[in-house]
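Novice: Pasting entry.tsv below, which is TSV, C-alpha atoms and all ligand atoms.
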```
chain	number	residue	atom	x	y	z
H	8	MET	CA	0.00	0.00	0.00
H	9	HIS	CA	1.26	3.46	-0.90
H	10	GLY	CA	-0.97	5.77	1.15
H	11	SER	CA	-3.31	7.83	-0.97
H	12	ASP	CA	-0.78	10.01	-2.82
H	13	PRO	CA	-0.81	9.22	-6.56
H	14	ARG	CA	2.72	10.66	-6.95
H	15	ASN	CA	4.00	7.53	-5.19
H	16	VAL	CA	2.82	5.30	-8.02
H	17	TRP	CA	3.02	7.68	-10.97
H	18	ASP	CA	4.59	6.31	-14.14
H	19	PRO	CA	6.64	9.07	-15.85
H	20	ALA	CA	5.21	7.89	-19.20
H	21	TRP	CA	1.81	9.24	-18.11
H	22	ARG	CA	1.96	12.85	-19.35
H	23	GLN	CA	-1.72	13.62	-18.72
H	24	ALA	CA	-4.00	12.89	-15.77
H	25	VAL	CA	-7.79	12.73	-15.91
H	26	LEU	CA	-9.02	13.07	-12.34
H	27	ILE	CA	-12.58	11.79	-11.98
H	28	ALA	CA	-14.39	12.30	-8.67
H	29	ASP	CA	-18.00	12.68	-7.62
H	30	SER	CA	-19.47	15.85	-6.18
H	31	ASN	CA	-18.64	14.71	-2.61
H	32	THR	CA	-15.13	13.35	-3.11
H	33	ASP	CA	-14.23	16.28	-5.34
H	34	ARG	CA	-15.24	18.72	-2.59
H	35	LEU	CA	-13.39	16.79	0.12
H	36	PHE	CA	-10.24	15.61	-1.64
H	37	GLY	CA	-10.27	16.92	-5.25
H	38	ALA	CA	-8.08	19.97	-4.75
H	39	ARG	CA	-5.43	18.03	-2.81
H	40	VAL	CA	-5.20	15.19	-5.34
H	41	ALA	CA	-5.30	17.58	-8.32
H	42	ALA	CA	-2.38	19.53	-6.84
H	43	GLN	CA	-0.40	16.31	-6.33
H	44	LEU	CA	-1.08	15.23	-9.90
H	45	ALA	CA	-0.16	18.65	-11.28
H	46	GLU	CA	3.42	18.01	-10.12
H	47	ARG	CA	3.58	15.05	-12.50
H	48	ALA	CA	1.21	15.75	-15.41
H	49	LYS	CA	-1.25	18.05	-17.11
H	50	VAL	CA	-4.54	17.57	-15.23
H	51	LEU	CA	-8.13	17.47	-16.48
H	52	ARG	CA	-10.49	17.49	-13.48
H	53	MET	CA	-13.97	16.01	-13.96
H	54	THR	CA	-16.87	15.54	-11.54
H	55	ILE	CA	-19.86	13.23	-11.86
H	56	PRO	CA	-22.98	13.37	-9.68
H	57	ALA	CA	-22.74	11.42	-6.40
H	58	GLY	CA	-24.82	8.24	-6.22
H	59	GLU	CA	-25.78	5.50	-8.65
H	60	SER	CA	-27.03	8.07	-11.20
H	61	GLY	CA	-23.39	8.98	-11.83
H	62	LYS	CA	-22.79	5.56	-13.36
H	63	SER	CA	-24.78	6.17	-16.54
H	64	ARG	CA	-24.12	6.12	-20.27
H	65	GLU	CA	-24.77	9.87	-20.26
H	66	GLN	CA	-22.08	10.58	-17.68
H	67	LYS	CA	-19.61	8.28	-19.40
H	68	GLY	CA	-20.24	10.08	-22.69
H	69	ARG	CA	-19.92	13.49	-21.05
H	70	VAL	CA	-16.56	12.59	-19.49
H	71	GLU	CA	-15.27	11.09	-22.76
H	72	ASP	CA	-16.36	14.13	-24.81
H	73	ALA	CA	-14.55	16.43	-22.39
H	74	MET	CA	-11.44	14.24	-22.63
H	75	ILE	CA	-11.51	14.40	-26.43
H	76	ALA	CA	-12.07	18.17	-26.35
H	77	ALA	CA	-9.11	18.57	-23.98
H	78	GLY	CA	-6.79	16.58	-26.26
H	79	ILE	CA	-6.36	13.65	-23.88
H	80	ASP	CA	-4.37	10.92	-25.63
H	81	ARG	CA	-3.02	7.47	-24.89
H	82	SER	CA	-0.30	8.90	-22.64
H	83	ALA	CA	-3.00	9.73	-20.08
H	84	CYS	CA	-3.83	7.97	-16.85
H	85	VAL	CA	-7.35	8.16	-15.43
H	86	VAL	CA	-7.31	8.73	-11.68
H	87	ALA	CA	-10.56	7.58	-10.07
H	88	LEU	CA	-11.20	9.24	-6.71
H	89	GLY	CA	-14.15	7.91	-4.75
H	90	GLY	CA	-16.26	4.91	-3.89
H	91	GLY	CA	-17.60	2.13	-6.05
H	92	VAL	CA	-19.66	4.32	-8.39
H	93	VAL	CA	-16.76	6.59	-9.35
H	94	LEU	CA	-14.31	3.70	-9.60
H	95	ASP	CA	-16.66	1.68	-11.82
H	96	LEU	CA	-17.39	4.57	-14.19
H	97	ALA	CA	-13.84	5.93	-14.36
H	98	GLY	CA	-12.41	2.43	-14.84
H	99	PHE	CA	-14.82	1.81	-17.71
H	100	VAL	CA	-13.90	5.14	-19.30
H	101	ALA	CA	-10.24	4.07	-19.09
H	102	ALA	CA	-11.08	0.63	-20.49
H	103	THR	CA	-12.59	2.02	-23.68
H	104	TYR	CA	-10.96	5.42	-24.27
H	105	MET	CA	-8.78	5.06	-27.37
H	106	ARG	CA	-9.16	1.27	-26.88
H	107	GLY	CA	-7.84	1.42	-23.34
H	108	ILE	CA	-5.60	3.68	-21.27
H	109	ALA	CA	-4.12	3.33	-17.79
H	110	HIS	CA	-6.07	4.03	-14.62
H	111	ILE	CA	-5.44	4.08	-10.90
H	112	ASN	CA	-8.02	3.86	-8.13
H	113	ILE	CA	-7.97	6.03	-5.02
H	114	ALA	CA	-10.63	4.37	-2.87
H	115	THR	CA	-12.31	6.64	-0.33
H	116	THR	CA	-15.02	4.35	1.07
H	117	LEU	CA	-14.55	1.22	3.14
H	118	LEU	CA	-16.65	-0.74	0.65
H	119	ALA	CA	-14.39	0.31	-2.21
H	120	GLN	CA	-11.25	-0.38	-0.20
H	121	VAL	CA	-12.17	-3.95	0.71
H	122	ASP	CA	-13.92	-4.82	-2.54
H	123	ALA	CA	-14.72	-2.54	-5.50
H	124	ALA	CA	-11.27	-1.00	-6.01
H	125	ILE	CA	-9.60	-4.39	-6.41
H	126	GLY	CA	-10.05	-6.79	-9.29
H	127	GLY	CA	-10.64	-4.72	-12.39
H	128	LYS	CA	-14.41	-4.94	-12.72
H	129	THR	CA	-15.68	-1.74	-14.34
H	130	ALA	CA	-19.24	-0.95	-15.41
H	131	ILE	CA	-22.10	1.44	-15.87
H	132	ASN	CA	-25.82	0.97	-15.20
H	133	THR	CA	-28.61	1.11	-17.78
H	134	PRO	CA	-32.32	1.56	-17.10
H	135	ALA	CA	-32.61	-2.25	-17.40
H	136	GLY	CA	-30.23	-2.95	-14.49
H	137	LYS	CA	-26.99	-2.34	-12.64
H	138	ASN	CA	-23.56	-3.10	-14.12
H	139	LEU	CA	-24.99	-4.50	-17.36
H	140	ILE	CA	-22.36	-2.84	-19.56
H	141	GLY	CA	-18.70	-2.99	-18.57
H	142	ALA	CA	-15.26	-4.49	-19.00
H	143	PHE	CA	-12.46	-6.07	-17.04
H	144	HIS	CA	-9.67	-3.48	-16.88
H	145	GLN	CA	-7.11	-3.83	-14.12
H	146	PRO	CA	-6.00	-0.62	-12.36
H	147	ARG	CA	-2.25	0.01	-12.42
H	148	ALA	CA	-2.41	0.85	-8.71
H	149	VAL	CA	-4.96	0.88	-5.91
H	150	LEU	CA	-4.53	3.53	-3.23
H	151	LEU	CA	-6.47	3.34	0.02
H	152	ASP	CA	-7.19	6.69	1.60
H	153	GLY	CA	-7.14	6.05	5.35
H	154	GLU	CA	-8.04	9.64	6.16
H	155	ALA	CA	-11.11	9.41	3.94
H	156	LEU	CA	-12.52	6.71	6.20
H	157	ALA	CA	-12.71	9.35	8.93
H	158	SER	CA	-15.15	11.31	6.77
H	159	LEU	CA	-17.57	8.38	6.44
H	160	GLY	CA	-20.77	8.04	8.43
H	161	ASP	CA	-21.78	4.80	10.16
H	162	HIS	CA	-24.13	3.95	7.33
H	163	GLU	CA	-21.24	3.96	4.83
H	164	LEU	CA	-18.94	2.09	7.20
H	165	ARG	CA	-21.55	-0.64	7.72
H	166	ASN	CA	-21.73	-1.14	3.95
H	167	GLY	CA	-18.03	-1.91	3.91
H	168	LEU	CA	-18.06	-3.98	7.09
H	169	ALA	CA	-20.59	-6.38	5.57
H	170	GLU	CA	-18.17	-7.09	2.70
H	171	ALA	CA	-15.24	-7.39	5.11
H	172	ILE	CA	-17.16	-9.97	7.14
H	173	LYS	CA	-18.00	-11.79	3.90
H	174	HIS	CA	-14.26	-12.10	3.10
H	175	ALA	CA	-13.66	-13.50	6.59
H	176	VAL	CA	-16.57	-15.94	6.34
H	177	LEU	CA	-15.26	-17.24	3.02
H	178	PHE	CA	-11.56	-17.54	3.73
H	179	ASP	CA	-10.29	-16.51	7.14
H	180	ARG	CA	-11.66	-17.66	10.49
H	181	THR	CA	-8.93	-15.76	12.32
H	182	LEU	CA	-10.02	-12.55	10.63
H	183	PHE	CA	-13.60	-13.31	11.64
H	184	GLU	CA	-12.46	-13.74	15.26
H	185	THR	CA	-10.47	-10.51	15.07
H	186	ILE	CA	-13.57	-8.65	13.87
H	187	GLU	CA	-15.64	-10.33	16.60
H	188	ALA	CA	-13.21	-9.20	19.31
H	189	TRP	CA	-13.09	-5.67	17.86
H	190	ALA	CA	-16.90	-5.51	17.62
H	191	ALA	CA	-17.20	-6.37	21.30
H	192	SER	CA	-14.92	-3.53	22.39
H	193	ARG	CA	-15.11	-1.04	19.52
H	194	VAL	CA	-15.43	2.70	20.01
H	195	SER	CA	-16.38	3.42	16.39
H	196	LEU	CA	-17.32	1.50	13.27
H	197	ARG	CA	-13.97	2.26	11.61
H	198	PRO	CA	-12.01	-0.99	11.45
H	199	ALA	CA	-8.27	-1.26	12.03
H	200	ARG	CA	-5.90	-0.91	9.07
H	201	GLU	CA	-4.88	-4.55	9.54
H	202	VAL	CA	-8.47	-5.68	8.95
H	203	VAL	CA	-8.68	-3.64	5.74
H	204	ALA	CA	-5.26	-4.91	4.64
H	205	ARG	CA	-6.27	-8.53	5.22
H	206	CYS	CA	-9.46	-8.04	3.18
H	207	VAL	CA	-7.44	-6.51	0.35
H	208	ALA	CA	-5.08	-9.51	0.42
H	209	ILE	CA	-8.01	-11.96	0.33
H	210	LYS	CA	-9.69	-10.23	-2.57
H	211	ALA	CA	-6.44	-9.82	-4.50
H	212	ASP	CA	-5.68	-13.51	-4.06
H	213	VAL	CA	-9.08	-14.57	-5.41
H	214	VAL	CA	-8.74	-12.23	-8.39
H	215	ALA	CA	-5.23	-13.51	-9.10
H	216	ARG	CA	-6.66	-17.06	-9.23
H	217	ASP	CA	-9.61	-16.14	-11.46
H	218	GLU	CA	-9.32	-12.69	-13.01
H	219	ARG	CA	-12.19	-13.14	-15.50
H	220	ASP	CA	-14.77	-14.42	-13.02
H	221	GLY	CA	-15.18	-17.90	-14.45
H	222	GLY	CA	-14.50	-19.96	-11.32
H	223	VAL	CA	-13.39	-19.27	-7.77
H	224	ARG	CA	-14.15	-15.54	-8.04
H	225	HIS	CA	-17.84	-16.53	-7.97
H	226	VAL	CA	-17.50	-17.14	-4.22
H	227	LEU	CA	-17.28	-13.37	-3.69
H	228	ASN	CA	-20.99	-13.44	-4.44
H	229	HIS	CA	-21.73	-15.16	-1.13
H	230	GLY	CA	-24.83	-13.43	0.25
H	231	HIS	CA	-25.30	-11.53	-2.99
H	232	THR	CA	-27.86	-13.79	-4.71
H	233	VAL	CA	-30.31	-12.93	-1.93
H	234	ALA	CA	-28.95	-9.38	-1.53
H	235	HIS	CA	-29.51	-8.44	-5.17
H	236	ALA	CA	-33.09	-9.73	-5.07
H	237	ILE	CA	-33.77	-7.72	-1.90
H	238	GLU	CA	-32.22	-4.58	-3.39
H	239	LEU	CA	-34.34	-4.88	-6.54
H	240	ALA	CA	-37.53	-5.79	-4.66
H	241	THR	CA	-37.14	-2.76	-2.39
H	242	GLU	CA	-36.00	-0.47	-5.23
H	243	HIS	CA	-32.70	0.00	-3.44
H	244	ALA	CA	-34.27	1.32	-0.25
H	245	VAL	CA	-32.06	-1.28	1.47
H	246	PRO	CA	-28.38	-0.25	1.19
H	247	HIS	CA	-26.00	-2.80	-0.33
H	248	GLY	CA	-24.17	-3.69	2.89
H	249	GLN	CA	-27.42	-4.31	4.76
H	250	ALA	CA	-28.69	-6.45	1.90
H	251	VAL	CA	-25.44	-8.44	1.93
H	252	ALA	CA	-25.79	-9.00	5.69
H	253	MET	CA	-29.35	-10.30	5.18
H	254	GLY	CA	-28.15	-12.38	2.24
H	255	MET	CA	-25.30	-14.01	4.16
H	256	ILE	CA	-27.73	-15.04	6.89
H	257	VAL	CA	-30.36	-16.47	4.53
H	258	GLU	CA	-27.79	-18.27	2.39
H	259	SER	CA	-25.89	-19.65	5.41
H	260	ARG	CA	-29.17	-20.82	6.92
H	261	LEU	CA	-30.00	-22.53	3.63
H	262	ALA	CA	-26.67	-24.36	3.83
H	263	MET	CA	-27.26	-25.17	7.51
H	264	GLN	CA	-30.71	-26.60	6.75
H	265	ALA	CA	-29.11	-28.69	3.99
H	266	GLY	CA	-26.70	-30.09	6.59
H	267	SER	CA	-23.62	-28.45	5.08
H	268	TYR	CA	-23.01	-25.56	7.51
H	269	PRO	CA	-22.71	-25.64	11.32
H	270	ALA	CA	-25.59	-24.13	13.31
H	271	GLU	CA	-23.14	-22.55	15.76
H	272	ASP	CA	-21.41	-20.68	12.94
H	273	LEU	CA	-24.75	-19.29	11.76
H	274	ALA	CA	-25.41	-18.09	15.33
H	275	ARG	CA	-21.96	-16.48	15.50
H	276	LEU	CA	-22.46	-14.72	12.19
H	277	GLY	CA	-25.83	-13.40	13.35
H	278	ALA	CA	-24.34	-12.19	16.64
H	279	LEU	CA	-21.49	-10.35	14.87
H	280	LEU	CA	-23.78	-8.63	12.38
H	281	ASP	CA	-26.06	-7.68	15.25
H	282	ALA	CA	-23.16	-6.24	17.25
H	283	LEU	CA	-22.27	-4.00	14.30
H	284	GLY	CA	-25.85	-2.85	13.71
H	285	LEU	CA	-26.25	-4.89	10.53
H	286	PRO	CA	-29.61	-6.63	9.95
H	287	THR	CA	-30.09	-10.38	10.16
H	288	ALA	CA	-33.62	-10.75	8.78
H	289	ALA	CA	-34.68	-10.16	5.17
H	290	ALA	CA	-36.28	-6.76	4.63
H	291	CYS	CA	-39.00	-8.04	2.32
H	292	SER	CA	-41.05	-11.18	1.90
H	293	PHE	CA	-39.77	-14.09	-0.16
H	294	ASP	CA	-42.67	-13.70	-2.57
H	295	ASP	CA	-41.80	-10.05	-3.16
H	296	ALA	CA	-38.19	-10.99	-3.91
H	297	LEU	CA	-38.83	-14.12	-6.00
H	298	PRO	CA	-39.34	-12.42	-9.40
H	299	PHE	CA	-35.99	-10.66	-9.04
H	300	PHE	CA	-33.84	-13.78	-8.74
H	301	ALA	CA	-34.32	-14.28	-12.47
H	302	ARG	CA	-32.39	-11.04	-13.14
H	303	ASP	CA	-29.33	-12.12	-11.17
H	304	LYS	CA	-26.23	-12.65	-13.32
H	305	LYS	CA	-25.62	-15.96	-11.48
H	306	THR	CA	-29.02	-17.33	-12.56
H	307	GLU	CA	-28.60	-19.71	-15.48
H	308	ASP	CA	-31.46	-21.62	-17.16
H	309	ALA	CA	-33.77	-20.24	-14.46
H	310	ALA	CA	-31.71	-22.02	-11.74
H	311	ILE	CA	-30.93	-19.91	-8.66
H	312	ARG	CA	-27.30	-20.29	-7.62
H	313	CYS	CA	-25.53	-19.32	-4.39
H	314	ALA	CA	-21.95	-19.42	-3.10
H	315	LEU	CA	-22.19	-21.35	0.16
H	316	PRO	CA	-19.28	-21.70	2.60
H	317	ALA	CA	-18.78	-24.99	4.48
H	318	ARG	CA	-18.14	-23.16	7.76
H	319	ILE	CA	-16.85	-19.75	8.86
H	320	GLY	CA	-13.49	-19.29	7.16
H	321	HIS	CA	-13.78	-22.02	4.55
H	322	ILE	CA	-15.48	-22.51	1.20
H	323	ALA	CA	-14.87	-25.47	-1.10
H	324	PRO	CA	-16.04	-26.27	-4.62
H	325	GLU	CA	-19.32	-28.11	-5.05
H	326	PRO	CA	-19.12	-31.80	-6.08
H	327	ASP	CA	-19.41	-30.78	-9.76
H	328	GLY	CA	-16.33	-28.55	-9.39
H	329	SER	CA	-18.21	-25.26	-9.61
H	330	TRP	CA	-18.20	-22.70	-6.81
H	331	LEU	CA	-21.95	-22.07	-6.93
H	332	ARG	CA	-24.67	-24.44	-5.73
H	333	THR	CA	-27.99	-24.61	-7.55
H	334	VAL	CA	-30.61	-24.12	-4.87
H	335	ASP	CA	-34.15	-25.31	-4.69
H	336	ILE	CA	-36.78	-22.55	-4.49
H	337	ALA	CA	-38.65	-24.34	-1.68
H	338	ALA	CA	-35.41	-24.64	0.33
H	339	LEU	CA	-34.63	-20.97	-0.24
H	340	ARG	CA	-38.13	-20.04	0.89
H	341	ARG	CA	-37.67	-22.13	4.08
H	342	ALA	CA	-34.36	-20.44	4.87
H	343	TRP	CA	-35.80	-17.00	4.13
H	344	CYS	CA	-38.85	-17.45	6.34
H	345	ALA	CA	-37.10	-19.12	9.30
H	346	ALA	CA	-35.91	-15.85	10.92
H	401	LIG	N1	-17.29	-7.81	-6.10
H	401	LIG	C1	-17.14	-9.11	-6.65
H	401	LIG	C2	-15.96	-9.23	-7.56
H	401	LIG	O1	-15.17	-8.31	-7.67
H	401	LIG	O2	-15.83	-10.23	-8.18
```
What would you get if you wrote out this structure as structure tokens?
Specialist:
Amino acid sequence: MHGSDPRNVWDPAWRQAVLIADSNTDRLFGARVAAQLAERAKVLRMTIPAGESGKSREQKGRVEDAMIAAGIDRSACVVALGGGVVLDLAGFVAATYMRGIAHINIATTLLAQVDAAIGGKTAINTPAGKNLIGAFHQPRAVLLDGEALASLGDHELRNGLAEAIKHAVLFDRTLFETIEAWAASRVSLRPAREVVARCVAIKADVVARDERDGGVRHVLNHGHTVAHAIELATEHAVPHGQAVAMGMIVESRLAMQAGSYPAEDLARLGALLDALGLPTAAACSFDDALPFFARDKKTEDAAIRCALPARIGHIAPEPDGSWLRTVDIAALRRAWCAA
């Protein structure tokens, strides 16, 4: 990790910098980062609206048109400054501008630091759904802004904590225990640097094993089959981290009811989420969510598929070698309604 200063990772071949922030991150950090970049390159500073609406075709086109008008060429590096929305849009701009230019991510939210900034998934939304258009385009560097975490409210921090717990549930029981101990004695919802660093290492390792999302990377969707259906059914009234918390509980309970997950681990997961103010019961009925499973990218031939760990800290491939289990709708309903 290089702190959050892009000068530390700047390639002298990059003669231009396109700094892309949203209205919040530009106000908080834009001037500082632009000044740092100006010591290395000519800077074009762009802002997109904060929130999911920033990740649109219109915004991508607006940014690209401004880049063309400013004479940005292949010697440029896009510098994405923000959370998942900014990183996704800016990364996708970099992926397609003049058939692909360099980009670096400066992640300012906990969610982006433990998940979205790492792994090269870039995308925009369309009216038909989230992340439907995008590309894999690996950032040249990922910078984690520790100070930015201090600017986040509890709501934002909880979003990231849900993903951090997911990494622990999938791969690292010790990390889970560390988060448990911290949750019991915490003074804020801001996790220690070591927790963030461990999550980054876990995610980076998974991506290194399966960059194009054809195998083991699917496990990062633990909790997300249910979470995406809840988010769609509630028109995103439930924030992503809360939906992931609900999803991990429902999916782990499904595995427990199938005899492939220990009941005590489900209880521990519920207790940890509870201690951090994350929900453990689905926010809508199963029947309200059911139509939305069909829109999940993991659904194939109408089969609902989930990534199900064997216990806290360990996930193994299914008997057919895949990392997703096809689940029965009746079993999912039972797990959903058992709260
Ligand atoms: N957030 C899931 C992935 O990067 O694959």
Novice: Please measure the separation of CA of His225 (chain H) and CA of Arg318 (chain H), giving the value in Å to one decimal.
Specialist: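 CA of Arg318 (chain H) lies at a distance of 17.1 Å from CA of His225 (chain H).
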Novice: Taking all atoms listed in the file into account, which residues are within 7 Å of ligand LIG 401 (chain H), as an mmCIF file with C-alpha atoms, in the coordinates of the input?
Specialist:
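That gives us out-v7.cif:
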```cif
data_model
loop_
_atom_site.group_PDB
_atom_site.id
_atom_site.type_symbol
_atom_site.label_atom_id
_atom_site.label_comp_id
_atom_site.auth_asym_id
_atom_site.auth_seq_id
_atom_site.Cartn_x
_atom_site.Cartn_y
_atom_site.Cartn_z
ATOM 1 C CA ASP H 122 -13.920 -4.820 -2.540
ATOM 2 C CA ALA H 123 -14.720 -2.540 -5.500
ATOM 3 C CA ILE H 125 -9.600 -4.390 -6.410
ATOM 4 C CA GLY H 126 -10.050 -6.790 -9.290
ATOM 5 C CA LYS H 128 -14.410 -4.940 -12.720
ATOM 6 C CA ASP H 220 -14.770 -14.420 -13.020
ATOM 7 C CA ARG H 224 -14.150 -15.540 -8.040
ATOM 8 C CA HIS H 225 -17.840 -16.530 -7.970
ATOM 9 C CA LEU H 227 -17.280 -13.370 -3.690
ATOM 10 C CA ASN H 228 -20.990 -13.440 -4.440
#
```
Novice: Considering all atoms listed in the file, return as a JSON list (two decimals) with C-alpha atoms, in the coordinates of the input whatever protein or nucleic-acid residues lie within 10 Å of Cys291 (chain H), sequence-local ones (same chain, fewer than 5 positions apart) excluded.
Specialist:
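To be explicit, this is the file written out as out24.json:
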```json
[["chain", "number", "residue", "atom", "x", "y", "z"],
["H", 236, "ALA", "CA", -33.09, -9.73, -5.07],
["H", 237, "ILE", "CA", -33.77, -7.72, -1.90],
["H", 238, "GLU", "CA", -32.22, -4.58, -3.39],
["H", 240, "ALA", "CA", -37.53, -5.79, -4.66],
["H", 241, "THR", "CA", -37.14, -2.76, -2.39],
["H", 245, "VAL", "CA", -32.06, -1.28, 1.47],
["H", 296, "ALA", "CA", -38.19, -10.99, -3.91],
["H", 343, "TRP", "CA", -35.80, -17.00, 4.13]]
```
Novice: With the cut-off set at 7 Å and counting only C-alpha atoms, tabulate each residue of region 105-141 of chain H with an atom at most that distance from an atom of region 74-97 of chain H, showing the nearest atom pair and its distance in Å to one decimal, ordered by chain and increasing number, as CSV.
Specialist:
```
residue,atom,partner,partner_atom,distance
H:Met105,CA,H:Arg81,CA,6.7
H:Ile108,CA,H:Arg81,CA,5.8
H:Ala109,CA,H:Cys84,CA,4.7
H:His110,CA,H:Val85,CA,4.4
H:Ile111,CA,H:Val86,CA,5.1
H:Asn112,CA,H:Ala87,CA,4.9
H:Ile113,CA,H:Leu88,CA,4.9
H:Ala114,CA,H:Gly89,CA,5.3
H:Thr115,CA,H:Gly89,CA,5.0
H:Thr116,CA,H:Gly90,CA,5.1
H:Ala119,CA,H:Gly90,CA,5.2
H:Ala123,CA,H:Gly91,CA,5.5
H:Ala124,CA,H:Leu94,CA,6.6
H:Thr129,CA,H:Asp95,CA,4.4
H:Ala130,CA,H:Asp95,CA,5.1
H:Ile131,CA,H:Leu96,CA,5.9
```
Novice: Grab the residues selected above and save them as an mmCIF file, in the coordinates of the input with C-alpha atoms.
Specialist:
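As written to disk, selection20.cif reads:
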```cif
data_model
loop_
_atom_site.group_PDB
_atom_site.id
_atom_site.type_symbol
_atom_site.label_atom_id
_atom_site.label_comp_id
_atom_site.auth_asym_id
_atom_site.auth_seq_id
_atom_site.Cartn_x
_atom_site.Cartn_y
_atom_site.Cartn_z
ATOM 1 C CA MET H 105 -8.780 5.060 -27.370
ATOM 2 C CA ILE H 108 -5.600 3.680 -21.270
ATOM 3 C CA ALA H 109 -4.120 3.330 -17.790
ATOM 4 C CA HIS H 110 -6.070 4.030 -14.620
ATOM 5 C CA ILE H 111 -5.440 4.080 -10.900
ATOM 6 C CA ASN H 112 -8.020 3.860 -8.130
ATOM 7 C CA ILE H 113 -7.970 6.030 -5.020
ATOM 8 C CA ALA H 114 -10.630 4.370 -2.870
ATOM 9 C CA THR H 115 -12.310 6.640 -0.330
ATOM 10 C CA THR H 116 -15.020 4.350 1.070
ATOM 11 C CA ALA H 119 -14.390 0.310 -2.210
ATOM 12 C CA ALA H 123 -14.720 -2.540 -5.500
ATOM 13 C CA ALA H 124 -11.270 -1.000 -6.010
ATOM 14 C CA THR H 129 -15.680 -1.740 -14.340
ATOM 15 C CA ALA H 130 -19.240 -0.950 -15.410
ATOM 16 C CA ILE H 131 -22.100 1.440 -15.870
#
```
Novice: Please provide the set of residues having any atom within 8 Å of Phe300 (chain H), restricted to only C-alpha atoms, with same-chain residues fewer than 5 positions apart removed, written as a PyMOL selection string.
Specialist: chain H and resi 232-233+235-236+306+311
Novice: Would you be able to write out as a PyMOL selection string which residues have an atom within 6 Å of (-6.9, 13.4, -16.7) in the file's coordinates, counting all atoms listed in the file?
Specialist: chain H and resi 23-26+50-51+85
Novice: Between CA of Asp72 (chain H) and CA of Gly98 (chain H), what distance in Å does the model show, to one decimal?
Specialist: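 Between these atoms lies a distance of 15.9 Å.
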Novice: Go through H:Ala274, H:Ala41, H:Leu239, H:Leu177 and flag the residue nearest Ala301 (chain H), using all atoms listed in the file for the distances.
Specialist: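 Under the stated criterion, the closest residue is H:Leu239.
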Novice: Find the distance between CA of Val334 (chain H) and CA of Asp294 (chain H) and write it in Å to one decimal.
Specialist: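 About the pair CA of Val334 (chain H) and CA of Asp294 (chain H): they are 16.1 Å apart.
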Novice: Looking at H:Ile322, H:Ala45, H:Val226, H:Ala101, which one is nearest to Val214 (chain H), with distances taken over only C-alpha atoms?
Specialist: H:Val226
Novice: Please identify all polymer residues within 12 Å of Leu118 (chain H), counting all atoms listed in the file, omitting same-chain residues fewer than 3 positions from it, and present them as number ranges by chain.
Specialist: H: 89-92, 94, 114-115, 121-125, 151, 156, 159, 162-174, 197-198, 203, 206-207, 246-248, 251
Novice: Each residue of region 178-200 of chain H lying at most 8 Å from region 278-283 of chain H should get a row with its shortest atom-to-atom pair and the distance in Å to one decimal, counting only C-alpha atoms; could you produce that, ordered by chain and increasing number, as CSV?
Specialist:
```
residue,atom,partner,partner_atom,distance
H:Glu187,CA,H:Leu279,CA,6.1
H:Ala190,CA,H:Ala282,CA,6.3
H:Ala191,CA,H:Ala282,CA,7.2
H:Leu196,CA,H:Leu283,CA,7.5
```
Novice: Residues near Pro13 (chain H), anyone? I mean within 10 Å using all atoms listed in the file, not counting same-chain ones fewer than 3 positions away, as a list in words.
Specialist: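 Residues near the query, excluding close chain neighbours: His9, Gly10, Val16, Trp17, Asp18, Val40, Ala41, Gln43, Leu44, Arg47, Val86, Ile111, Asn112, Ile113, Ala148, Val149 and Leu150 of chain H.
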